[in-house]
$ cat protein.txt   # compact mmCIF, C-alpha atoms
# COMPACT_ATOMS: atom_id res chain seq x y z
CA MET B 129 -43.18 -5.01 5.72
CA VAL B 130 -45.30 -4.85 2.55
CA VAL B 131 -45.73 -8.22 0.82
CA ARG B 132 -45.99 -7.88 -2.96
CA LYS B 133 -48.36 -10.20 -4.78
CA VAL B 134 -49.25 -10.96 -8.39
CA GLY B 135 -52.45 -12.96 -8.55
CA LYS B 136 -52.08 -15.89 -6.14
CA TYR B 137 -48.26 -15.57 -6.06
CA GLU B 138 -46.33 -13.87 -3.26
CA ILE B 139 -43.12 -12.37 -4.68
CA GLY B 140 -39.75 -12.70 -2.93
CA ARG B 141 -36.10 -11.99 -3.75
CA THR B 142 -34.52 -11.62 -7.20
CA ILE B 143 -32.73 -14.88 -8.11
CA GLY B 144 -31.50 -14.02 -11.60
CA GLU B 145 -31.55 -11.62 -14.53
CA GLY B 146 -32.04 -12.51 -18.19
CA THR B 147 -31.96 -10.65 -21.48
CA PHE B 148 -34.60 -8.11 -20.53
CA ALA B 149 -36.24 -9.82 -17.57
CA LYS B 150 -35.75 -10.41 -13.88
CA VAL B 151 -36.41 -13.80 -12.30
CA LYS B 152 -38.00 -13.65 -8.84
CA PHE B 153 -38.57 -16.33 -6.27
CA ALA B 154 -42.31 -16.60 -5.59
CA GLN B 155 -44.75 -18.80 -3.71
CA ASN B 156 -48.21 -19.99 -4.66
CA THR B 157 -50.33 -18.89 -1.66
CA GLU B 158 -52.98 -21.51 -2.45
CA THR B 159 -50.69 -24.56 -2.59
CA GLY B 160 -47.48 -23.36 -0.89
CA GLU B 161 -45.48 -24.41 -3.97
CA SER B 162 -42.28 -22.49 -4.72
CA VAL B 163 -42.00 -21.13 -8.28
CA ALA B 164 -39.70 -18.96 -10.37
CA MET B 165 -41.43 -15.86 -11.71
CA LYS B 166 -39.89 -14.36 -14.85
CA VAL B 167 -40.89 -10.67 -15.01
CA LEU B 168 -40.69 -9.04 -18.45
CA ASP B 169 -41.17 -5.36 -19.22
CA ARG B 170 -43.91 -5.15 -21.84
CA SER B 171 -42.71 -1.89 -23.44
CA THR B 172 -39.16 -3.24 -23.90
CA ILE B 173 -40.45 -6.36 -25.64
CA ILE B 174 -42.67 -4.31 -27.97
CA LYS B 175 -39.95 -1.75 -28.65
CA HIS B 176 -37.44 -4.42 -29.73
CA LYS B 177 -40.06 -6.38 -31.72
CA MET B 178 -39.56 -9.52 -29.60
CA VAL B 179 -43.25 -10.27 -28.97
CA GLU B 180 -43.58 -13.12 -31.49
CA GLN B 181 -40.31 -14.78 -30.42
CA ILE B 182 -41.28 -14.73 -26.73
CA LYS B 183 -44.85 -15.89 -27.48
CA ARG B 184 -43.41 -18.80 -29.46
CA GLU B 185 -41.02 -19.78 -26.64
CA ILE B 186 -43.81 -19.64 -24.04
CA SER B 187 -46.22 -21.63 -26.23
CA ILE B 188 -43.59 -24.32 -26.87
CA MET B 189 -42.81 -24.64 -23.15
CA LYS B 190 -46.53 -25.07 -22.39
CA ILE B 191 -46.85 -27.80 -25.04
CA VAL B 192 -43.74 -29.74 -23.98
CA ARG B 193 -44.66 -31.15 -20.56
CA HIS B 194 -42.15 -33.78 -19.51
CA PRO B 195 -40.31 -34.69 -16.26
CA TYR B 196 -36.99 -33.66 -17.84
CA VAL B 197 -38.17 -30.33 -19.26
CA VAL B 198 -38.63 -27.16 -17.13
CA ARG B 199 -42.37 -26.84 -16.50
CA LEU B 200 -44.19 -23.61 -17.38
CA HIS B 201 -47.25 -23.26 -15.15
CA GLU B 202 -49.01 -20.17 -16.50
CA VAL B 203 -48.67 -16.65 -17.90
CA LEU B 204 -50.07 -13.54 -16.18
CA ALA B 205 -50.03 -9.91 -17.29
CA SER B 206 -50.52 -6.37 -16.00
CA ARG B 207 -50.57 -3.14 -17.98
CA THR B 208 -46.77 -2.86 -17.93
CA LYS B 209 -45.45 -6.35 -17.08
CA ILE B 210 -45.72 -9.96 -18.24
CA TYR B 211 -45.22 -12.67 -15.62
CA ILE B 212 -44.14 -16.17 -16.67
CA ILE B 213 -44.57 -18.70 -13.85
CA LEU B 214 -41.99 -21.51 -14.08
CA GLU B 215 -41.00 -24.55 -12.10
CA PHE B 216 -38.45 -23.53 -9.43
CA ILE B 217 -35.17 -25.40 -10.11
CA THR B 218 -32.61 -25.32 -7.28
CA GLY B 219 -29.63 -27.34 -8.55
CA GLY B 220 -28.11 -24.81 -10.98
CA GLU B 221 -26.72 -25.50 -14.46
CA LEU B 222 -25.11 -28.78 -15.50
CA PHE B 223 -22.41 -26.51 -17.00
CA ASP B 224 -21.46 -25.24 -13.53
CA LYS B 225 -21.20 -28.79 -12.21
CA ILE B 226 -18.70 -29.66 -14.98
CA VAL B 227 -16.73 -26.44 -14.37
CA HIS B 228 -16.45 -27.09 -10.62
CA HIS B 229 -15.98 -30.88 -10.63
CA GLY B 230 -14.46 -31.61 -14.03
CA ARG B 231 -15.47 -34.75 -15.90
CA LEU B 232 -18.22 -36.89 -14.41
CA SER B 233 -18.11 -40.59 -13.62
CA GLU B 234 -19.30 -42.98 -16.32
CA SER B 235 -22.49 -43.85 -14.43
CA GLU B 236 -23.37 -40.21 -13.68
CA ALA B 237 -22.66 -39.08 -17.27
CA ARG B 238 -24.79 -41.96 -18.58
CA ARG B 239 -27.71 -41.08 -16.27
CA TYR B 240 -27.75 -37.42 -17.38
CA PHE B 241 -27.46 -38.51 -21.02
CA GLN B 242 -30.37 -40.94 -20.63
CA GLN B 243 -32.53 -38.16 -19.17
CA LEU B 244 -31.44 -35.78 -21.93
CA ILE B 245 -32.40 -38.28 -24.64
CA ASP B 246 -35.78 -38.90 -22.97
CA GLY B 247 -36.55 -35.16 -22.80
CA VAL B 248 -35.33 -34.38 -26.33
CA ASP B 249 -37.23 -37.34 -27.79
CA TYR B 250 -40.44 -36.09 -26.18
CA CYS B 251 -39.87 -32.59 -27.62
CA HIS B 252 -39.42 -34.14 -31.07
CA SER B 253 -42.65 -36.15 -30.64
CA LYS B 254 -44.43 -32.80 -30.24
CA GLY B 255 -42.74 -31.39 -33.35
CA VAL B 256 -40.38 -29.16 -31.33
CA TYR B 257 -36.64 -28.97 -32.10
CA HIS B 258 -34.52 -27.24 -29.46
CA ARG B 259 -31.54 -26.17 -31.65
CA ASP B 260 -29.44 -24.86 -28.74
CA LEU B 261 -28.77 -27.90 -26.57
CA LYS B 262 -25.71 -27.37 -24.34
CA PRO B 263 -24.84 -27.83 -20.64
CA GLU B 264 -25.69 -24.16 -19.93
CA ASN B 265 -29.30 -24.89 -20.96
CA LEU B 266 -29.57 -28.04 -18.84
CA LEU B 267 -30.60 -27.42 -15.23
CA LEU B 268 -30.58 -29.80 -12.24
CA ASP B 269 -33.40 -30.13 -9.73
CA SER B 270 -33.08 -30.87 -6.00
CA GLN B 271 -33.02 -34.62 -6.73
CA GLY B 272 -30.23 -34.21 -9.27
CA ASN B 273 -32.50 -34.83 -12.26
CA LEU B 274 -31.92 -33.00 -15.51
CA LYS B 275 -34.29 -30.28 -16.77
CA ILE B 276 -34.04 -28.93 -20.34
CA SER B 277 -34.54 -25.15 -20.45
CA ASP B 278 -34.24 -22.11 -22.75
CA PHE B 279 -36.40 -22.75 -25.80
CA GLY B 280 -35.60 -19.30 -27.24
CA LEU B 281 -34.11 -20.75 -30.45
CA SER B 282 -36.42 -23.75 -30.75
CA ALA B 283 -38.43 -24.35 -33.89
CA SER B 284 -41.70 -26.00 -34.77
CA PRO B 285 -41.76 -26.26 -38.59
CA GLU B 286 -44.84 -25.24 -40.53
CA GLU B 287 -47.07 -28.02 -41.82
CA GLY B 288 -45.60 -29.61 -44.95
CA VAL B 289 -42.10 -28.22 -44.26
CA SER B 290 -39.55 -30.88 -43.30
CA LEU B 291 -36.28 -28.92 -43.34
CA LEU B 292 -35.20 -25.96 -41.21
CA ARG B 293 -32.94 -23.29 -42.70
CA THR B 294 -31.97 -20.89 -39.90
CA THR B 295 -28.33 -21.13 -38.81
CA CYS B 296 -28.41 -20.84 -35.03
CA GLY B 297 -27.14 -22.38 -31.82
CA THR B 298 -23.79 -22.28 -30.03
CA PRO B 299 -20.98 -23.07 -32.54
CA ASN B 300 -19.22 -25.78 -30.49
CA TYR B 301 -22.45 -27.80 -30.22
CA VAL B 302 -23.89 -27.18 -33.71
CA ALA B 303 -24.24 -30.02 -36.24
CA PRO B 304 -22.25 -29.72 -39.51
CA GLU B 305 -25.38 -29.66 -41.68
CA VAL B 306 -26.62 -26.57 -39.81
CA LEU B 307 -23.45 -24.79 -40.93
CA SER B 308 -23.90 -25.81 -44.59
CA HIS B 309 -26.98 -23.56 -45.19
CA LYS B 310 -28.69 -26.23 -47.31
CA GLY B 311 -31.51 -27.06 -44.92
CA TYR B 312 -31.45 -29.61 -42.12
CA ASP B 313 -33.63 -31.93 -40.08
CA GLY B 314 -34.07 -30.38 -36.61
CA ALA B 315 -34.32 -33.77 -34.86
CA VAL B 316 -31.12 -35.12 -36.43
CA ALA B 317 -29.26 -31.87 -35.62
CA ASP B 318 -30.39 -32.07 -31.96
CA VAL B 319 -28.98 -35.63 -31.76
CA TRP B 320 -25.53 -34.28 -32.76
CA SER B 321 -25.70 -31.70 -29.95
CA CYS B 322 -26.61 -34.49 -27.49
CA GLY B 323 -23.48 -36.35 -28.62
CA VAL B 324 -21.29 -33.30 -27.96
CA ILE B 325 -22.87 -32.99 -24.50
CA LEU B 326 -22.14 -36.66 -23.72
CA TYR B 327 -18.50 -36.13 -24.75
CA VAL B 328 -18.24 -33.06 -22.48
CA LEU B 329 -19.79 -34.93 -19.52
CA MET B 330 -17.23 -37.73 -19.83
CA ALA B 331 -14.17 -35.71 -20.87
CA GLY B 332 -14.66 -32.43 -19.01
CA TYR B 333 -13.88 -30.49 -22.20
CA LEU B 334 -15.27 -29.98 -25.72
CA PRO B 335 -14.55 -32.27 -28.71
CA PHE B 336 -14.46 -29.21 -31.00
CA ASP B 337 -12.88 -26.12 -29.45
CA GLU B 338 -10.94 -23.60 -31.52
CA LEU B 339 -10.69 -19.83 -31.02
CA ASP B 340 -10.71 -19.31 -34.78
CA LEU B 341 -14.25 -19.95 -36.07
CA THR B 342 -13.07 -21.02 -39.54
CA THR B 343 -10.90 -23.77 -38.02
CA LEU B 344 -13.70 -24.72 -35.62
CA TYR B 345 -16.26 -25.11 -38.43
CA SER B 346 -13.79 -27.07 -40.53
CA LYS B 347 -13.25 -29.57 -37.69
CA ILE B 348 -16.99 -29.88 -37.06
CA GLU B 349 -17.74 -30.49 -40.76
CA LYS B 350 -15.15 -33.31 -40.85
CA ALA B 351 -15.98 -34.56 -37.32
CA ASP B 352 -12.26 -34.12 -36.63
CA PHE B 353 -11.98 -35.11 -32.95
CA SER B 354 -10.57 -37.90 -30.80
CA CYS B 355 -11.79 -39.59 -27.60
CA PRO B 356 -9.59 -39.64 -24.48
CA SER B 357 -8.05 -42.95 -23.42
CA TRP B 358 -10.30 -43.21 -20.34
CA PHE B 359 -13.52 -43.41 -22.39
CA PRO B 360 -15.13 -46.88 -22.04
CA VAL B 361 -15.31 -48.76 -25.34
CA GLY B 362 -19.15 -48.66 -25.33
CA ALA B 363 -19.35 -44.91 -24.75
CA LYS B 364 -16.67 -44.22 -27.37
CA SER B 365 -18.53 -46.31 -29.96
CA LEU B 366 -21.83 -44.53 -29.23
CA ILE B 367 -20.24 -41.07 -29.47
CA LEU B 368 -18.61 -41.95 -32.81
CA HIS B 369 -22.01 -43.01 -34.17
CA ILE B 370 -23.68 -39.81 -32.91
CA LEU B 371 -20.95 -37.44 -34.12
CA ASP B 372 -21.28 -38.70 -37.68
CA PRO B 373 -20.92 -35.68 -40.01
CA ASN B 374 -23.36 -37.28 -42.47
CA PRO B 375 -26.90 -36.68 -41.11
CA ALA B 376 -28.25 -39.48 -43.33
CA THR B 377 -26.15 -42.15 -41.56
CA ARG B 378 -26.09 -40.58 -38.06
CA ILE B 379 -27.57 -42.77 -35.34
CA THR B 380 -31.21 -42.00 -34.40
CA ILE B 381 -32.71 -41.65 -30.93
CA GLU B 382 -34.44 -45.01 -31.35
CA GLN B 383 -31.07 -46.61 -32.15
CA ILE B 384 -29.43 -44.83 -29.20
CA ARG B 385 -32.07 -46.34 -26.91
CA ASN B 386 -31.14 -49.81 -28.20
CA ASP B 387 -27.41 -49.27 -27.63
CA GLU B 388 -25.94 -51.61 -24.98
CA TRP B 389 -23.93 -48.89 -23.20
CA PHE B 390 -26.96 -46.57 -23.10
CA LYS B 391 -29.35 -49.27 -21.79
CA LYS B 392 -27.34 -50.04 -18.64
CA ASN B 393 -29.42 -49.05 -15.56
CA TYR B 394 -31.80 -47.15 -17.86
CA ALA B 395 -35.07 -46.12 -16.20
CA PRO B 396 -37.35 -44.46 -18.79
CA ALA B 397 -39.16 -41.32 -17.65
CA ARG B 398 -42.63 -41.89 -16.24
CA LEU B 399 -44.90 -39.65 -18.27
CA ILE B 400 -47.79 -37.98 -16.51
CA GLU B 401 -51.06 -37.54 -18.36
CA TYR B 402 -51.37 -33.76 -18.39
CA GLU B 403 -54.55 -31.87 -19.00
CA ASP B 404 -55.19 -30.35 -22.42
CA VAL B 405 -52.82 -27.45 -23.05
CA ASN B 406 -54.57 -24.08 -23.29
CA LEU B 407 -52.70 -21.17 -24.86
CA ASP B 408 -55.39 -18.55 -24.19
CA ASP B 409 -53.39 -16.96 -21.35
CA VAL B 410 -50.41 -16.50 -23.70
CA ASP B 411 -52.54 -14.67 -26.27
CA ALA B 412 -54.27 -12.61 -23.59
CA ALA B 413 -50.94 -11.52 -22.09
CA PHE B 414 -49.67 -10.11 -25.39
CA ASN B 415 -52.66 -9.23 -27.56
CA ASP B 416 -54.06 -6.02 -26.11
CA PRO B 417 -53.49 -3.11 -28.56
CA GLU B 418 -54.52 -0.48 -25.98
CA GLU B 419 -51.94 -1.75 -23.50
CA GLU B 420 -49.24 -1.91 -26.19
CA LYS B 421 -49.99 1.68 -27.17
CA ALA B 422 -49.81 2.87 -23.55
CA ASP B 423 -46.57 1.01 -22.91
CA GLU B 424 -44.94 2.33 -26.08
CA GLN B 425 -45.71 5.86 -24.90
CA SER B 426 -44.45 5.22 -21.36
CA GLY B 427 -41.16 3.95 -22.80
CA ASN B 428 -40.40 7.41 -24.20
CA GLU B 429 -40.49 9.35 -20.93
CA ASP B 430 -37.56 11.68 -20.20
CA THR B 431 -35.42 10.41 -17.33
CA GLY B 432 -34.16 13.93 -16.50
CA PRO B 433 -30.69 15.57 -16.72
CA LEU B 434 -27.58 13.68 -15.60
CA MET B 435 -25.17 15.21 -13.09
CA LEU B 436 -21.74 16.12 -14.43
CA ASN B 437 -18.60 14.68 -12.89
CA ALA B 438 -14.91 15.32 -13.55
CA PHE B 439 -14.91 12.99 -16.53
CA ASP B 440 -17.74 14.97 -18.15
CA LEU B 441 -15.82 18.21 -17.66
CA ILE B 442 -12.66 16.85 -19.30
CA ILE B 443 -14.56 15.69 -22.38
CA LEU B 444 -16.53 18.94 -22.59
CA SER B 445 -13.34 21.02 -22.40
CA GLN B 446 -12.54 22.36 -25.88
CA GLY B 447 -8.81 22.07 -25.27
CA LEU B 448 -8.99 18.44 -24.15
CA ASN B 449 -11.09 16.54 -26.67
CA LEU B 450 -10.71 12.84 -25.82
CA ALA B 451 -13.02 11.62 -28.57
CA THR B 452 -10.15 9.73 -30.22
CA LEU B 453 -9.79 7.62 -27.08
CA PHE B 454 -13.19 6.10 -27.76
CA ASP B 455 -13.50 6.11 -31.55
CA ARG B 456 -10.16 6.24 -33.28
CA GLY B 457 -11.11 7.10 -36.82
CA LYS B 458 -11.87 5.33 -40.08
CA ASP B 459 -9.02 2.80 -40.02
CA SER B 460 -9.56 1.55 -36.49
CA VAL B 461 -13.29 0.97 -36.98
CA LYS B 462 -12.40 -1.99 -39.22
CA HIS B 463 -11.23 -4.02 -36.25
CA GLN B 464 -11.99 -2.26 -32.96
CA THR B 465 -14.44 0.44 -31.94
CA ARG B 466 -15.69 1.93 -28.70
CA PHE B 467 -18.63 3.96 -27.48
CA ILE B 468 -19.62 5.55 -24.17
CA SER B 469 -22.82 5.04 -22.17
CA ARG B 470 -24.17 6.54 -18.98
CA LYS B 471 -26.76 3.81 -18.45
CA PRO B 472 -26.32 1.08 -15.78
CA ALA B 473 -24.09 -1.80 -16.91
CA ASN B 474 -26.91 -4.38 -16.86
CA VAL B 475 -29.09 -2.09 -19.00
CA VAL B 476 -26.28 -1.61 -21.53
CA LEU B 477 -25.58 -5.33 -21.71
CA SER B 478 -29.22 -6.41 -22.02
CA SER B 479 -29.94 -3.70 -24.64
CA MET B 480 -26.99 -4.87 -26.75
CA GLU B 481 -28.11 -8.48 -26.43
CA VAL B 482 -31.68 -7.68 -27.49
CA VAL B 483 -30.51 -5.61 -30.48
CA ALA B 484 -28.03 -8.29 -31.62
CA GLN B 485 -30.74 -10.96 -31.41
CA SER B 486 -33.25 -8.77 -33.25
CA MET B 487 -30.63 -8.48 -36.04
CA GLY B 488 -30.60 -12.28 -36.30
CA PHE B 489 -27.39 -12.97 -34.36
CA LYS B 490 -26.77 -15.48 -31.57
CA THR B 491 -25.33 -14.07 -28.33
CA HIS B 492 -23.28 -15.63 -25.51
CA ILE B 493 -22.67 -13.70 -22.27
CA ARG B 494 -20.23 -14.34 -19.45
CA ASN B 495 -20.08 -11.59 -16.83
CA TYR B 496 -19.82 -8.33 -18.83
CA LYS B 497 -18.39 -9.81 -22.01
CA MET B 498 -20.63 -10.74 -24.93
CA ARG B 499 -19.86 -12.69 -28.11
CA VAL B 500 -22.12 -12.06 -31.12
CA GLU B 501 -22.13 -14.71 -33.86
CA GLY B 502 -23.99 -15.36 -37.08
CA LEU B 503 -23.84 -14.85 -40.81
CA CYS B 504 -22.45 -11.75 -42.49
CA ALA B 505 -24.74 -9.44 -44.48
CA ASN B 506 -24.53 -11.42 -47.74
CA LYS B 507 -25.19 -14.72 -45.85
CA THR B 508 -22.09 -16.41 -47.31
CA ALA B 509 -19.63 -16.38 -44.41
CA HIS B 510 -19.61 -16.57 -40.62
CA PHE B 511 -19.16 -13.47 -38.56
CA SER B 512 -18.17 -12.93 -34.91
CA VAL B 513 -17.76 -9.86 -32.71
CA ILE B 514 -16.63 -9.49 -29.08
CA LEU B 515 -18.19 -6.73 -26.94
CA GLU B 516 -16.90 -5.94 -23.46
CA VAL B 517 -18.26 -3.42 -20.94
CA PHE B 518 -15.79 -1.45 -18.78
CA GLU B 519 -16.44 1.17 -16.07
CA VAL B 520 -14.15 4.15 -16.70
CA ALA B 521 -15.74 6.46 -14.11
CA PRO B 522 -18.61 6.13 -11.60
CA SER B 523 -21.25 7.17 -14.13
CA PHE B 524 -19.47 6.32 -17.38
CA LEU B 525 -19.19 2.94 -19.09
CA MET B 526 -17.08 2.16 -22.13
CA VAL B 527 -18.14 -0.59 -24.53
CA ASP B 528 -15.20 -2.00 -26.46
CA ILE B 529 -16.16 -3.79 -29.70
CA GLN B 530 -13.70 -6.01 -31.57
CA ASN B 531 -13.98 -7.92 -34.82
CA ALA B 532 -13.23 -11.55 -33.85
CA ALA B 533 -13.93 -13.24 -37.21
CA GLY B 534 -15.16 -11.97 -40.54
CA ASP B 535 -14.45 -9.39 -43.20
CA ALA B 536 -13.60 -5.81 -42.13
CA ALA B 537 -16.25 -4.36 -44.46
CA ASP B 538 -18.90 -6.63 -42.92
CA TYR B 539 -17.76 -5.54 -39.46
CA LEU B 540 -18.14 -1.86 -40.41
CA LYS B 541 -21.68 -2.48 -41.70
CA PHE B 542 -22.54 -4.39 -38.52
CA TYR B 543 -21.10 -1.67 -36.28
CA LYS B 544 -23.04 1.14 -37.97
CA ASN B 545 -26.31 -0.81 -38.02
CA PHE B 546 -25.82 -2.03 -34.44
CA CYS B 547 -25.08 1.44 -33.05
CA SER B 548 -27.98 3.01 -34.95
CA LYS B 549 -30.29 0.77 -32.91
CA LEU B 550 -28.59 1.70 -29.63
CA GLU B 551 -29.14 5.46 -29.67
CA ASP B 552 -30.97 5.20 -26.34
CA ILE B 553 -27.84 4.02 -24.52
CA ILE B 554 -24.95 5.65 -26.46
CA TRP B 555 -23.85 8.89 -24.81
CA LYS B 556 -22.64 11.86 -26.85
CA PRO B 557 -21.26 15.19 -25.62
CA PRO B 558 -24.01 17.87 -25.41
CA ASN B 559 -22.72 19.78 -28.47
CA GLU B 560 -23.11 16.62 -30.62
CA SER B 561 -26.53 15.88 -29.13
CA SER B 562 -27.78 19.41 -29.87
CA LYS B 563 -26.53 19.18 -33.48
CA SER B 564 -28.38 15.89 -33.81
CA ARG B 565 -31.59 17.45 -32.45
CA ILE B 566 -31.25 20.46 -34.78
CA SER B 567 -30.77 18.25 -37.85
CA LYS B 568 -33.79 16.14 -36.84
CA SER B 569 -35.97 19.23 -36.37
CA LYS B 570 -34.89 20.59 -39.77
CA SER B 571 -35.75 17.32 -41.48
CA LYS B 572 -39.19 17.41 -39.86
CA LYS B 573 -39.84 20.96 -41.13
CA ARG B 574 -39.01 19.91 -44.67
$ encode --input "protein.txt" --output "structure tokens"
Amino acid sequence: MVVRKVGKYEIGRTIGEGTFAKVKFAQNTETGESVAMKVLDRSTIIKHKMVEQIKREISIMKIVRHPYVVRLHEVLASRTKIYIILEFITGGELFDKIVHHGRLSESEARRYFQQLIDGVDYCHSKGVYHRDLKPENLLLDSQGNLKISDFGLSASPEEGVSLLRTTCGTPNYVAPEVLSHKGYDGAVADVWSCGVILYVLMAGYLPFDELDLTTLYSKIEKADFSCPSWFPVGAKSLILHILDPNPATRITIEQIRNDEWFKKNYAPARLIEYEDVNLDDVDAAFNDPEEEKADEQSGNEDTGPLMLNAFDLIILSQGLNLATLFDRGKDSVKHQTRFISRKPANVVLSSMEVVAQSMGFKTHIRNYKMRVEGLCANKTAHFSVILEVFEVAPSFLMVDIQNAAGDAADYLKFYKNFCSKLEDIIWKPPNESSKSRISKSKSKKR
């Protein structure tokens, strides 16, 4: 059996898959410590222009070193891959615990909330605002302690800039001022998200939960919610002060720490004096023009012809054109559209997620269903699309796209722009592909 190694790390089984990365179990051969190794394909990152976003996330995770934040040990790189070495967390997501067990006891909810506040406060002390705090991004270690993860949407404002302006995060957890597009304080907005999380821990469900985004945003902006009868008076009072729709009067982290309900059995995190943070390995992993050039070229290699099956033959038959099954004309594109792919389902899903994020949208994935949310093209209204991947034959996938919220014209613009960036995964019958190649070759001759 061949043991694969990267530097001092011995690589084991795959334990998860992200947007365009695999997470492997690995072991430090020098110390015996177990770690999680996130393996990213360099050419994919460069192709989708995600280098700066990933560099920012890595740099932030190296800066924020706290017992309740997932620890990033180091970054390694080869010609084709980037390896991010992370603390190995075994307890899963806090979200899964709520799903499986329902609401938590008062003492358990309080303990997680205390650890969350400690971790978030430390991030803020380093000038880092998470902006996507939710139970899915809170992991649990083997001792049951909370670990904040996923800094992909975090921000560290430029010097002299006090307000953030990007609308991002998961709608149910987002503060009302983030939705107003007038600029917001990242620390105050994070506090709101912490309040929603506390409510979920104690109730087992969300305070703001509507299928229609317009109704959802309206309730968030008015803080239109109610606490269940089983909430203790102290917890209810604290939540009401946190979920204050006015950021100017919303309770601060310092005030939360002085709250009587919060202080019960509170054991502040013991901070460890870490060594000076060095970001040289981050720069070295990404900043090699020769490697980027080589990887961009390797990403264009031909994968060879695909074998035909019965489904191919039906579509290719002139007498049985099933194109309308997948794209039903001008009227249907306003609300629902479909395309076909012959790529593996995980490739299709991750490609769509990367493209949606590169267009400035927030994505949420459960199994093979993805929700895309953000602002419409003119930045005046919210927009939401549902994409679902189906297998219609062994080597054919169908992606069904539906307009969940937003104007039909905005949906059409999104669909065309989105698909234009997915040419690598959208399959077209050979006659269409050849026409496309001919038109491209003519344009080059001109």
$ residues_around --input "protein.txt" --residues "range 214-222 of chain B" --least-positions-apart "6" --cutoff "6 Å" --atoms "only C-alpha atoms" --output "compact mmCIF listing (two decimals) with C-alpha atoms, in the frame of the given file"
# COMPACT_ATOMS: atom_id res chain seq x y z
CA VAL B 163 -42.00 -21.13 -8.28
CA ALA B 164 -39.70 -18.96 -10.37
CA ARG B 199 -42.37 -26.84 -16.50
CA LEU B 200 -44.19 -23.61 -17.38
CA HIS B 201 -47.25 -23.26 -15.15
CA PRO B 263 -24.84 -27.83 -20.64
CA GLU B 264 -25.69 -24.16 -19.93
CA LEU B 266 -29.57 -28.04 -18.84
CA LEU B 267 -30.60 -27.42 -15.23
CA LEU B 268 -30.58 -29.80 -12.24
CA ASP B 269 -33.40 -30.13 -9.73
CA SER B 270 -33.08 -30.87 -6.00
$ residues_around --input "protein.txt" --residues "Lys471 in chain B" --least-positions-apart "4" --cutoff "10 Å" --atoms "all atoms listed in the file" --output "ChimeraX atom specification"
/B:475-477,523-525,552-555
$ closest_residue --input "protein.txt" --among "B:Lys262, B:His252, B:His309, B:Lys177" --to "Ile381 in chain B" --atoms "only C-alpha atoms"
B:His252
$ atom_distance --input "protein.txt" --atom1 "CA of Val328 in chain B" --atom2 "CA of Glu305 in chain B"
20.8 Å
$ residues_around --input "protein.txt" --residues "Leu334 in chain B" --least-positions-apart "4" --cutoff "10 Å" --atoms "only C-alpha atoms" --output "PDB file with C-alpha atoms, in the frame of the given file"
ATOM      1  CA  ASN B 300     -19.220 -25.780 -30.490  1.00  0.00           C
ATOM      2  CA  TYR B 301     -22.450 -27.800 -30.220  1.00  0.00           C
ATOM      3  CA  VAL B 324     -21.290 -33.300 -27.960  1.00  0.00           C
ATOM      4  CA  ILE B 325     -22.870 -32.990 -24.500  1.00  0.00           C
ATOM      5  CA  LEU B 326     -22.140 -36.660 -23.720  1.00  0.00           C
ATOM      6  CA  TYR B 327     -18.500 -36.130 -24.750  1.00  0.00           C
ATOM      7  CA  VAL B 328     -18.240 -33.060 -22.480  1.00  0.00           C
ATOM      8  CA  LEU B 329     -19.790 -34.930 -19.520  1.00  0.00           C
ATOM      9  CA  MET B 330     -17.230 -37.730 -19.830  1.00  0.00           C
ATOM     10  CA  GLU B 338     -10.940 -23.600 -31.520  1.00  0.00           C
ATOM     11  CA  PHE B 353     -11.980 -35.110 -32.950  1.00  0.00           C
TER      12      PHE B 353
END
$ atom_distance --input "protein.txt" --atom1 "CA of Phe467 in chain B" --atom2 "CA of Phe511 in chain B"
20.7 Å
$ atom_distance --input "protein.txt" --atom1 "CA of Asp528 in chain B" --atom2 "CA of Arg499 in chain B"
11.8 Å
$ residues_around --input "protein.txt" --residues "Ala317 in chain B" --least-positions-apart "6" --cutoff "9 Å" --atoms "only C-alpha atoms" --output "list in words"
Tyr257, Arg259, Val302, Ala303, Pro304, Glu305, Val306 and Pro375 of chain B
$ closest_residue --input "protein.txt" --among "B:Gln181, B:Thr298, B:Thr172, B:Ser469" --to "Glu519 in chain B" --atoms "only C-alpha atoms"
B:Ser469
$ closest_residue --input "protein.txt" --among "B:Ile468, B:Ala205, B:Ile143, B:Ile514" --to "Met526 in chain B" --atoms "all atoms listed in the file"
B:Ile468
$ closest_residue --input "protein.txt" --among "B:Leu232, B:Tyr137, B:Ile182, B:His176" --to "Lys549 in chain B" --atoms "only C-alpha atoms"
B:His176
$ residues_around --input "protein.txt" --residues "range 240-247 of chain B" --least-positions-apart "5" --cutoff "8 Å" --atoms "all atoms listed in the file" --output "PyMOL selection string"
chain B and resi 194-197+273-274+276+322+325-326+381+390+394+396-397
$ closest_residue --input "protein.txt" --among "B:Ile529, B:Met498, B:Ile367, B:Val513" --to "Ser354 in chain B" --atoms "all atoms listed in the file"
B:Ile367
$ closest_residue --input "protein.txt" --among "B:Ile212, B:Thr465, B:Ile173, B:Ser512" --to "Ser187 in chain B" --atoms "only C-alpha atoms"
B:Ile212
